[in-house]
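Undergrad: Below is protein17.cif; it holds mmCIF, C-alpha atoms.
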```
data_run
loop_
_atom_site.label_atom_id
_atom_site.label_comp_id
_atom_site.auth_asym_id
_atom_site.auth_seq_id
_atom_site.Cartn_x
_atom_site.Cartn_y
_atom_site.Cartn_z
CA MET A 1 124.68 293.99 136.53
CA PRO A 2 127.34 291.48 135.40
CA VAL A 3 128.61 289.15 138.08
CA SER A 4 132.28 289.50 138.94
CA LEU A 5 133.73 286.35 140.46
CA SER A 6 137.15 286.35 142.09
CA SER A 7 139.55 283.50 141.41
CA GLU A 8 138.74 282.24 144.92
CA HIS A 9 135.02 282.20 144.10
CA LYS A 10 135.68 280.35 140.86
CA ASP A 11 137.78 277.77 142.68
CA ALA A 12 135.04 277.39 145.28
CA LEU A 13 132.47 276.98 142.50
CA VAL A 14 134.43 274.19 140.83
CA ALA A 15 135.15 272.50 144.17
CA GLY A 16 131.46 272.68 145.08
CA VAL A 17 130.36 271.15 141.79
CA GLU A 18 132.88 268.34 142.25
CA GLU A 19 131.66 267.79 145.82
CA ALA A 20 128.09 267.48 144.49
CA GLY A 21 129.50 264.98 142.00
CA ARG A 22 130.77 262.86 144.87
CA LEU A 23 127.25 262.75 146.33
CA VAL A 24 125.96 261.61 142.94
CA LEU A 25 128.69 258.98 142.67
CA GLU A 26 127.82 257.53 146.09
CA ILE A 27 124.22 257.03 144.94
CA TYR A 28 125.35 255.66 141.57
CA GLN A 29 127.39 252.96 143.30
CA ARG A 30 124.45 251.54 145.25
CA ASP A 31 120.84 250.63 144.63
CA PHE A 32 118.51 253.57 143.98
CA GLU A 33 114.89 254.09 142.99
CA VAL A 34 113.80 255.58 139.68
CA GLU A 35 110.68 257.72 139.42
CA HIS A 36 109.28 259.41 136.33
CA LYS A 37 108.24 262.99 135.70
CA ASP A 38 105.10 264.04 133.85
CA ASP A 39 107.02 263.89 130.54
CA ASN A 40 108.10 260.31 131.41
CA SER A 41 111.75 261.30 131.82
CA PRO A 42 113.48 259.53 134.73
CA LEU A 43 114.19 261.15 138.09
CA THR A 44 116.43 259.70 140.80
CA GLU A 45 117.53 260.74 144.26
CA ALA A 46 120.86 261.69 142.65
CA ASP A 47 119.13 264.39 140.54
CA LEU A 48 117.61 265.87 143.68
CA ALA A 49 120.73 265.53 145.84
CA ALA A 50 122.80 267.35 143.22
CA HIS A 51 120.08 269.99 142.79
CA HIS A 52 119.99 270.82 146.50
CA ALA A 53 123.79 270.82 146.82
CA LEU A 54 124.31 273.09 143.81
CA VAL A 55 121.53 275.54 144.69
CA ALA A 56 122.97 275.83 148.21
CA LEU A 57 126.47 276.34 146.78
CA LEU A 58 125.36 279.14 144.47
CA GLY A 59 123.34 280.73 147.26
CA ARG A 60 126.50 280.95 149.35
CA LEU A 61 128.70 282.27 146.53
CA THR A 62 126.31 284.79 144.95
CA PRO A 63 123.20 285.20 147.12
CA GLU A 64 122.01 288.10 144.95
CA VAL A 65 121.88 286.03 141.72
CA PRO A 66 118.77 283.92 141.01
CA VAL A 67 119.11 280.23 140.16
CA LEU A 68 117.12 278.23 137.61
CA SER A 69 117.61 274.47 137.89
CA GLU A 70 115.94 271.69 135.94
CA GLU A 71 114.62 270.50 139.29
CA SER A 72 113.47 273.94 140.48
CA GLY A 73 109.85 274.52 141.24
CA GLU A 74 107.83 276.47 138.70
CA ILE A 75 109.21 279.97 138.12
CA ALA A 76 106.85 282.46 136.48
CA THR A 77 107.87 283.24 132.91
CA GLU A 78 107.64 286.99 133.43
CA THR A 79 109.92 286.69 136.46
CA ARG A 80 112.53 284.66 134.55
CA LEU A 81 112.43 286.93 131.52
CA GLY A 82 113.19 289.85 133.81
CA TRP A 83 116.52 288.32 134.83
CA SER A 84 119.51 289.90 133.09
CA CYS A 85 121.84 287.56 135.00
CA TYR A 86 121.19 284.16 136.58
CA TRP A 87 122.64 280.72 137.19
CA LEU A 88 121.32 277.90 135.00
CA VAL A 89 121.79 274.40 136.42
CA ASP A 90 121.31 270.86 135.19
CA PRO A 91 122.04 268.84 138.33
CA LEU A 92 122.31 265.57 136.41
CA ASP A 93 122.46 265.65 132.62
CA GLY A 94 122.07 262.14 131.29
CA THR A 95 119.82 260.59 133.92
CA LYS A 96 119.09 257.71 131.51
CA GLU A 97 122.83 257.08 131.28
CA PHE A 98 123.00 257.21 135.09
CA VAL A 99 120.19 254.64 135.36
CA ASN A 100 121.88 252.41 132.78
CA ARG A 101 125.21 252.81 134.61
CA ASN A 102 127.35 253.65 131.58
CA GLY A 103 129.03 256.62 133.26
CA GLU A 104 128.03 259.16 130.60
CA PHE A 105 126.38 261.75 132.82
CA THR A 106 127.43 265.20 134.02
CA LEU A 107 126.67 268.00 136.47
CA ASN A 108 126.32 271.37 134.77
CA VAL A 109 126.37 274.94 136.09
CA ALA A 110 126.29 278.01 133.83
CA LEU A 111 126.25 281.74 134.47
CA ILE A 112 123.98 283.50 131.98
CA GLU A 113 124.26 287.22 131.24
CA HIS A 114 121.80 288.82 128.81
CA GLY A 115 121.08 285.41 127.28
CA VAL A 116 124.74 284.47 126.83
CA PRO A 117 126.40 281.62 128.76
CA VAL A 118 129.51 283.44 129.96
CA LEU A 119 130.87 280.88 132.42
CA GLY A 120 130.36 277.14 132.68
CA VAL A 121 131.39 274.15 134.76
CA VAL A 122 130.80 270.60 133.56
CA HIS A 123 131.76 267.70 135.82
CA ALA A 124 131.70 263.99 134.95
CA PRO A 125 131.85 262.08 138.27
CA VAL A 126 132.63 258.63 136.86
CA LEU A 127 135.41 259.98 134.65
CA GLY A 128 136.73 262.23 137.41
CA VAL A 129 137.01 265.06 134.88
CA THR A 130 135.88 268.69 135.08
CA TRP A 131 135.71 271.23 132.26
CA PHE A 132 135.60 274.97 132.93
CA GLY A 133 135.21 277.88 130.56
CA GLU A 134 134.81 281.61 130.96
CA GLN A 135 134.21 284.26 128.33
CA ASP A 136 137.47 286.05 127.44
CA ASN A 137 139.45 283.90 129.91
CA GLY A 138 139.75 280.57 128.07
CA ALA A 139 138.88 277.01 129.03
CA TRP A 140 140.55 274.11 130.79
CA ARG A 141 140.14 270.44 131.60
CA SER A 142 140.96 269.11 135.05
CA GLU A 143 141.60 265.47 135.99
CA GLY A 144 143.12 264.65 139.35
CA GLU A 145 145.97 267.05 139.98
CA SER A 146 146.30 267.91 136.29
CA ARG A 147 144.70 271.06 134.85
CA GLN A 148 145.34 271.78 131.18
CA PRO A 149 144.08 274.53 128.87
CA ILE A 150 141.89 273.26 126.04
CA HIS A 151 141.16 274.60 122.56
CA ALA A 152 138.77 273.64 119.78
CA ARG A 153 140.75 272.48 116.77
CA GLU A 154 140.75 273.46 113.14
CA LEU A 155 139.04 271.03 110.81
CA PRO A 156 141.57 268.53 109.46
CA ASP A 157 142.00 267.88 105.77
CA PRO A 158 139.65 264.88 105.30
CA ALA A 159 142.11 263.41 102.79
CA GLU A 160 144.60 263.10 105.65
CA ALA A 161 142.40 262.53 108.71
CA PRO A 162 138.63 262.00 109.08
CA TRP A 163 136.42 264.57 110.72
CA VAL A 164 135.33 263.34 114.14
CA VAL A 165 131.56 263.72 114.57
CA VAL A 166 129.75 262.95 117.83
CA GLY A 167 126.03 262.38 118.22
CA SER A 168 123.44 261.56 120.82
CA ARG A 169 123.24 257.98 122.04
CA ARG A 170 119.44 258.12 122.17
CA HIS A 171 117.98 260.91 120.05
CA GLY A 172 117.88 261.99 116.42
CA ALA A 173 119.80 259.04 114.98
CA GLU A 174 118.21 259.25 111.51
CA ALA A 175 119.02 262.95 111.05
CA PHE A 176 122.52 262.40 112.47
CA GLU A 177 123.19 259.65 109.94
CA ALA A 178 121.84 261.81 107.11
CA PHE A 179 124.18 264.61 108.15
CA CYS A 180 127.23 262.33 108.36
CA ALA A 181 126.45 260.72 105.01
CA ARG A 182 126.90 264.07 103.26
CA LEU A 183 130.26 264.89 104.85
CA PRO A 184 133.77 264.07 103.65
CA ALA A 185 135.57 261.21 105.43
CA THR A 186 134.24 260.99 108.98
CA GLU A 187 134.62 259.02 112.17
CA CYS A 188 131.25 258.98 113.95
CA THR A 189 130.53 258.05 117.55
CA SER A 190 127.61 258.34 119.97
CA MET A 191 127.49 259.15 123.67
CA GLY A 192 125.26 260.72 126.30
CA SER A 193 124.97 264.09 128.05
CA SER A 194 127.00 267.27 127.61
CA LEU A 195 130.20 265.24 127.19
CA LYS A 196 129.74 265.65 123.45
CA LEU A 197 130.15 269.42 123.59
CA CYS A 198 133.20 269.04 125.82
CA LEU A 199 134.87 266.79 123.23
CA VAL A 200 134.56 269.60 120.68
CA ALA A 201 135.94 272.07 123.23
CA GLU A 202 138.93 269.77 123.82
CA GLY A 203 139.68 269.38 120.13
CA LYS A 204 138.93 265.65 120.27
CA ALA A 205 135.85 266.06 118.06
CA ASP A 206 135.07 268.44 115.23
CA LEU A 207 131.26 268.50 115.07
CA TYR A 208 128.24 267.68 117.18
CA PRO A 209 124.90 268.15 115.37
CA ARG A 210 121.94 267.99 117.72
CA LEU A 211 118.86 267.48 115.57
CA ALA A 212 116.50 266.51 118.39
CA PRO A 213 114.99 268.41 121.34
CA THR A 214 117.05 269.70 124.29
CA CYS A 215 116.47 272.29 127.00
CA GLU A 216 118.66 275.26 127.80
CA TRP A 217 119.97 273.70 131.03
CA ASP A 218 121.21 270.71 128.98
CA THR A 219 123.62 272.84 126.99
CA ALA A 220 124.42 276.19 128.62
CA ALA A 221 127.39 275.18 130.81
CA ALA A 222 129.06 273.21 128.05
CA GLN A 223 128.33 275.99 125.54
CA ALA A 224 130.30 278.35 127.78
CA VAL A 225 133.18 275.86 127.76
CA VAL A 226 133.05 275.45 123.97
CA THR A 227 133.00 279.17 123.24
CA ALA A 228 135.75 279.89 125.77
CA ALA A 229 137.81 277.22 123.98
CA GLY A 230 137.33 278.96 120.62
CA GLY A 231 134.44 276.89 119.26
CA GLN A 232 130.82 277.77 118.53
CA VAL A 233 127.34 276.49 119.38
CA LEU A 234 125.01 277.58 116.59
CA ASP A 235 121.32 277.41 115.84
CA ALA A 236 121.09 274.77 113.09
CA GLU A 237 118.69 276.86 110.98
CA THR A 238 120.19 280.33 111.28
CA LEU A 239 123.80 279.48 112.24
CA GLU A 240 123.56 282.23 114.86
CA PRO A 241 124.90 281.58 118.39
CA LEU A 242 122.52 279.76 120.72
CA ARG A 243 120.96 282.05 123.33
CA CYS A 244 119.11 281.46 126.62
CA ASN A 245 115.99 282.95 128.23
CA ARG A 246 114.58 284.45 125.05
CA GLY A 247 110.92 283.51 125.45
CA GLU A 248 108.28 281.43 127.17
CA SER A 249 109.84 278.10 126.20
CA LEU A 250 113.13 276.80 127.58
CA LEU A 251 113.53 274.42 124.64
CA ASN A 252 116.56 274.94 122.40
CA PRO A 253 116.31 274.98 118.63
CA PHE A 254 118.23 272.22 116.88
CA PHE A 255 121.89 273.19 116.93
CA VAL A 256 125.40 272.29 115.84
CA VAL A 257 128.59 272.51 117.86
CA CYS A 258 131.73 273.16 115.85
CA GLY A 259 135.34 274.07 116.24
CA GLN A 260 135.28 275.84 112.91
CA ARG A 261 132.71 276.93 110.32
CA ASP A 262 132.98 275.24 106.93
CA ALA A 263 130.69 275.29 103.89
CA ARG A 264 130.87 271.49 103.53
CA TRP A 265 129.25 270.72 106.87
CA GLU A 266 126.90 273.71 106.60
CA GLN A 267 125.51 272.25 103.33
CA ALA A 268 125.26 268.78 104.88
CA LEU A 269 123.38 270.25 107.83
CA ALA A 270 120.91 272.11 105.62
CA ALA A 271 120.25 268.91 103.65
CA ALA A 272 119.73 266.86 106.82
CA LEU A 273 117.25 269.44 108.15
CA ALA A 274 115.37 269.49 104.83
CA GLN A 275 114.80 265.76 104.54
#
```
Please express the file's structure as structure tokens.

TA:
Amino acid sequence: MPVSLSSEHKDALVAGVEEAGRLVLEIYQRDFEVEHKDDNSPLTEADLAAHHALVALLGRLTPEVPVLSEESGEIATETRLGWSCYWLVDPLDGTKEFVNRNGEFTLNVALIEHGVPVLGVVHAPVLGVTWFGEQDNGAWRSEGESRQPIHARELPDPAEAPWVVVGSRRHGAEAFEAFCARLPATECTSMGSSLKLCLVAEGKADLYPRLAPTCEWDTAAAQAVVTAAGGQVLDAETLEPLRCNRGESLLNPFFVVCGQRDARWEQALAAALAQ
């Protein structure tokens, strides 16, 4: 059954994510230890503190809805595939950015219904910014006391203004450069975490090609924000919307985030994938 959240529950969700962000920020501002998982990705006490805070928050708000977090214990595939509705959480997206203290990390919570991210909260503790999006109800950006609706923008005429393209700070640089080289006039920049998707949702960027591996928890919350803001997150091969919980693997296909479809970037993407 779809989850129906009241405005009070949504406010409590956002407030709880921001409170978890304050826990993360306290750890960020002092010395902390860095461990490594089996795949050699970093793990800090901030990842675990945010995980526990967010799982507890969701348990209070919707005790009947299961939660899948990057830091959850192993959940049997057949159990997960039986979920029609669940919360998908990345407690700290951009742990390498956290360790390097560049501020480009986020907390991410998404509600998934039948494979579709229908609601998402993305919070950037260092920036003090939160993005929220809900299917059919639009998206907004909150900073301090200010909360403003956001919208993906139409592609500008490249003869008048360059297309703004964002890419990963650490992954897929060669494919990203190949993609950008085939576009009209562009302004390219790199950064970490789900901030890149949020820039497209805000209309501050036009395209984000991700031509390197990610997991579903890396993208789901920000995908909900992007789509609620009028943009799209598309499988790079098929140009169909990205979906969650479709099989044994939680890896995403390569994808592209856009405010607007256009044959020029679609051709550049196909060429970058083919090289």

Undergrad: Report as an MDAnalysis selection string all protein, DNA and RNA residues lying within 9 Å of Glu134 (chain A), evaluated on all atoms listed in the file, omitting residues in the same chain fewer than 3 positions from it.

TA: chainID A and resid 117:120 137:139 224:225 227:229

Undergrad: Written as a PyMOL selection string, which residues does the PyMOL selection byres ((chain A and resi 164) around 6) give for the file shown?

TA: chain A and resi 163+165+186-188+205-206

Undergrad: Create the file for the chosen residues now, containing C-alpha atoms and written as a PDB file, keeping the file's coordinate frame.

TA:
```
ATOM      1  CA  TRP A 163     136.420 264.570 110.720  1.00  0.00           C
ATOM      2  CA  VAL A 165     131.560 263.720 114.570  1.00  0.00           C
ATOM      3  CA  THR A 186     134.240 260.990 108.980  1.00  0.00           C
ATOM      4  CA  GLU A 187     134.620 259.020 112.170  1.00  0.00           C
ATOM      5  CA  CYS A 188     131.250 258.980 113.950  1.00  0.00           C
ATOM      6  CA  ALA A 205     135.850 266.060 118.060  1.00  0.00           C
ATOM      7  CA  ASP A 206     135.070 268.440 115.230  1.00  0.00           C
TER       8      ASP A 206
END
```

Undergrad: What does the PyMOL selection byres ((chain A and resi 127) around 10) select in this file, as a PyMOL selection string?

TA: chain A and resi 103-106+123-126+128-130+143

Undergrad: Which residues, written as a PyMOL selection string, have at least one atom at most 12 Å from Gly230 (chain A), with only C-alpha atoms counted and residues fewer than 2 positions away on the same chain left out?

TA: chain A and resi 133-140+149-154+198+200-203+223-228+232-233+257-261

Undergrad: Please report as JSON lines every residue of region 19-76 of chain A lying within 9 Å of region 88-91 of chain A, along with the nearest atom pair and their distance in Å (one decimal), using all atoms listed in the file.

TA:
```
{"residue": "A:Ala20", "atom": "CA", "partner": "A:Pro91", "partner_atom": "CA", "distance": 8.7}
{"residue": "A:Ala46", "atom": "CA", "partner": "A:Pro91", "partner_atom": "CA", "distance": 8.4}
{"residue": "A:Asp47", "atom": "CA", "partner": "A:Pro91", "partner_atom": "CA", "distance": 5.8}
{"residue": "A:Leu48", "atom": "CA", "partner": "A:Pro91", "partner_atom": "CA", "distance": 7.6}
{"residue": "A:Ala49", "atom": "CA", "partner": "A:Pro91", "partner_atom": "CA", "distance": 8.3}
{"residue": "A:Ala50", "atom": "CA", "partner": "A:Pro91", "partner_atom": "CA", "distance": 5.2}
{"residue": "A:His51", "atom": "CA", "partner": "A:Pro91", "partner_atom": "CA", "distance": 5.0}
{"residue": "A:His52", "atom": "CA", "partner": "A:Pro91", "partner_atom": "CA", "distance": 8.7}
{"residue": "A:Ala53", "atom": "CA", "partner": "A:Pro91", "partner_atom": "CA", "distance": 8.9}
{"residue": "A:Leu54", "atom": "CA", "partner": "A:Pro91", "partner_atom": "CA", "distance": 7.3}
{"residue": "A:Val55", "atom": "CA", "partner": "A:Val89", "partner_atom": "CA", "distance": 8.4}
{"residue": "A:Pro66", "atom": "CA", "partner": "A:Leu88", "partner_atom": "CA", "distance": 8.9}
{"residue": "A:Val67", "atom": "CA", "partner": "A:Leu88", "partner_atom": "CA", "distance": 6.1}
{"residue": "A:Leu68", "atom": "CA", "partner": "A:Leu88", "partner_atom": "CA", "distance": 5.0}
{"residue": "A:Ser69", "atom": "CA", "partner": "A:Val89", "partner_atom": "CA", "distance": 4.4}
{"residue": "A:Glu70", "atom": "CA", "partner": "A:Asp90", "partner_atom": "CA", "distance": 5.5}
{"residue": "A:Glu71", "atom": "CA", "partner": "A:Pro91", "partner_atom": "CA", "distance": 7.7}
```

Undergrad: Name all residues at most 12 Å from Arg264 (chain A) (count all atoms listed in the file; drop same-chain ones fewer than 2 positions away) and give them as an MDAnalysis selection string.

TA: chainID A and resid 155 157:158 163 179:185 207 260:262 266:271

Undergrad: For this structure, which residues satisfy the selection - the PyMOL selection byres ((chain A and resi 98) around 10) - when it is evaluated on the file as given? I want them as a ChimeraX atom specification.

TA: /A:24-25,27-28,42,44,46-47,92-97,99-106,126,192

Undergrad: Write the residues of the selection above to a file with C-alpha atoms, as a compact mmCIF listing (two decimals), keeping the file's coordinate frame.

TA:
```txt
# COMPACT_ATOMS: atom_id res chain seq x y z
CA VAL A 24 125.96 261.61 142.94
CA LEU A 25 128.69 258.98 142.67
CA ILE A 27 124.22 257.03 144.94
CA TYR A 28 125.35 255.66 141.57
CA PRO A 42 113.48 259.53 134.73
CA THR A 44 116.43 259.70 140.80
CA ALA A 46 120.86 261.69 142.65
CA ASP A 47 119.13 264.39 140.54
CA LEU A 92 122.31 265.57 136.41
CA ASP A 93 122.46 265.65 132.62
CA GLY A 94 122.07 262.14 131.29
CA THR A 95 119.82 260.59 133.92
CA LYS A 96 119.09 257.71 131.51
CA GLU A 97 122.83 257.08 131.28
CA VAL A 99 120.19 254.64 135.36
CA ASN A 100 121.88 252.41 132.78
CA ARG A 101 125.21 252.81 134.61
CA ASN A 102 127.35 253.65 131.58
CA GLY A 103 129.03 256.62 133.26
CA GLU A 104 128.03 259.16 130.60
CA PHE A 105 126.38 261.75 132.82
CA THR A 106 127.43 265.20 134.02
CA VAL A 126 132.63 258.63 136.86
CA GLY A 192 125.26 260.72 126.30
```

Undergrad: Write out as a ChimeraX atom specification each polymer residue whose atoms come within 12 Å of Ala173 (chain A), counting all atoms listed in the file; drop sequence neighbours fewer than 3 positions from it.

TA: /A:166-170,176-180,188-191,209-212,272

Undergrad: Write the residues of the selection above to a file with C-alpha atoms, as a PDB file, keeping the file's coordinate frame.

TA:
```
ATOM      1  CA  VAL A 166     129.750 262.950 117.830  1.00  0.00           C
ATOM      2  CA  GLY A 167     126.030 262.380 118.220  1.00  0.00           C
ATOM      3  CA  SER A 168     123.440 261.560 120.820  1.00  0.00           C
ATOM      4  CA  ARG A 169     123.240 257.980 122.040  1.00  0.00           C
ATOM      5  CA  ARG A 170     119.440 258.120 122.170  1.00  0.00           C
ATOM      6  CA  PHE A 176     122.520 262.400 112.470  1.00  0.00           C
ATOM      7  CA  GLU A 177     123.190 259.650 109.940  1.00  0.00           C
ATOM      8  CA  ALA A 178     121.840 261.810 107.110  1.00  0.00           C
ATOM      9  CA  PHE A 179     124.180 264.610 108.150  1.00  0.00           C
ATOM     10  CA  CYS A 180     127.230 262.330 108.360  1.00  0.00           C
ATOM     11  CA  CYS A 188     131.250 258.980 113.950  1.00  0.00           C
ATOM     12  CA  THR A 189     130.530 258.050 117.550  1.00  0.00           C
ATOM     13  CA  SER A 190     127.610 258.340 119.970  1.00  0.00           C
ATOM     14  CA  MET A 191     127.490 259.150 123.670  1.00  0.00           C
ATOM     15  CA  PRO A 209     124.900 268.150 115.370  1.00  0.00           C
ATOM     16  CA  ARG A 210     121.940 267.990 117.720  1.00  0.00           C
ATOM     17  CA  LEU A 211     118.860 267.480 115.570  1.00  0.00           C
ATOM     18  CA  ALA A 212     116.500 266.510 118.390  1.00  0.00           C
ATOM     19  CA  ALA A 272     119.730 266.860 106.820  1.00  0.00           C
TER      20      ALA A 272
END
```

Undergrad: Nearest residue to Val116 (chain A) out of A:Ser194, A:Gln275, A:Asn245, A:Gln29, using only C-alpha atoms?

TA: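 Nearest candidate to Val116 (chain A) out of A:Ser194, A:Gln275, A:Asn245, A:Gln29: A:Asn245.
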
Undergrad: Can you measure CA of Ser4 (chain A) to CA of Leu195 (chain A) for me? One decimal in Å is fine.

TA: 27.0 Å

Undergrad: With distances taken over all atoms listed in the file, which residue among A:Val121, A:Ala56, A:Trp87, A:Lys37 lies nearest Val14 (chain A)?

TA: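 Nearest to Val14 (chain A): A:Val121.
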
Undergrad: Which one is closest to Lys204 (chain A): A:Gly16, A:Pro156, A:Trp217, A:Leu43? Count all atoms listed in the file.

TA: A:Pro156

Undergrad: Nearest residue to Val122 (chain A) out of A:Ser146, A:Ser7, A:Thr219, A:Asn40, using only C-alpha atoms?

TA: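 Looking only at the distances to Val122 (chain A), the closest residue turns out to be A:Thr219.
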
Undergrad: To one decimal in Å, tell me the separation between CA of Asn108 (chain A) and CA of Glu78 (chain A).

TA: 24.4 Å

Undergrad: Looking at all atoms listed in the file, which of A:Glu18, A:Glu45, A:Ser6, A:Thr238 is the one that sits closest to Phe32 (chain A)?

TA: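 Nearest candidate to Phe32 (chain A) out of A:Glu18, A:Glu45, A:Ser6, A:Thr238: A:Glu45.
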
Undergrad: At what distance in Å, to one decimal, does CA of Leu234 (chain A) lie from CA of His114 (chain A)?

TA: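 Those two atoms sit 16.9 Å apart.
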
Undergrad: Counting only C-alpha atoms, which residue out of A:Glu216, A:Ile75, A:Ala236, A:Thr62 sits closest to Leu5 (chain A)?

TA: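 Closest to Leu5 (chain A) of all the choices is A:Thr62.
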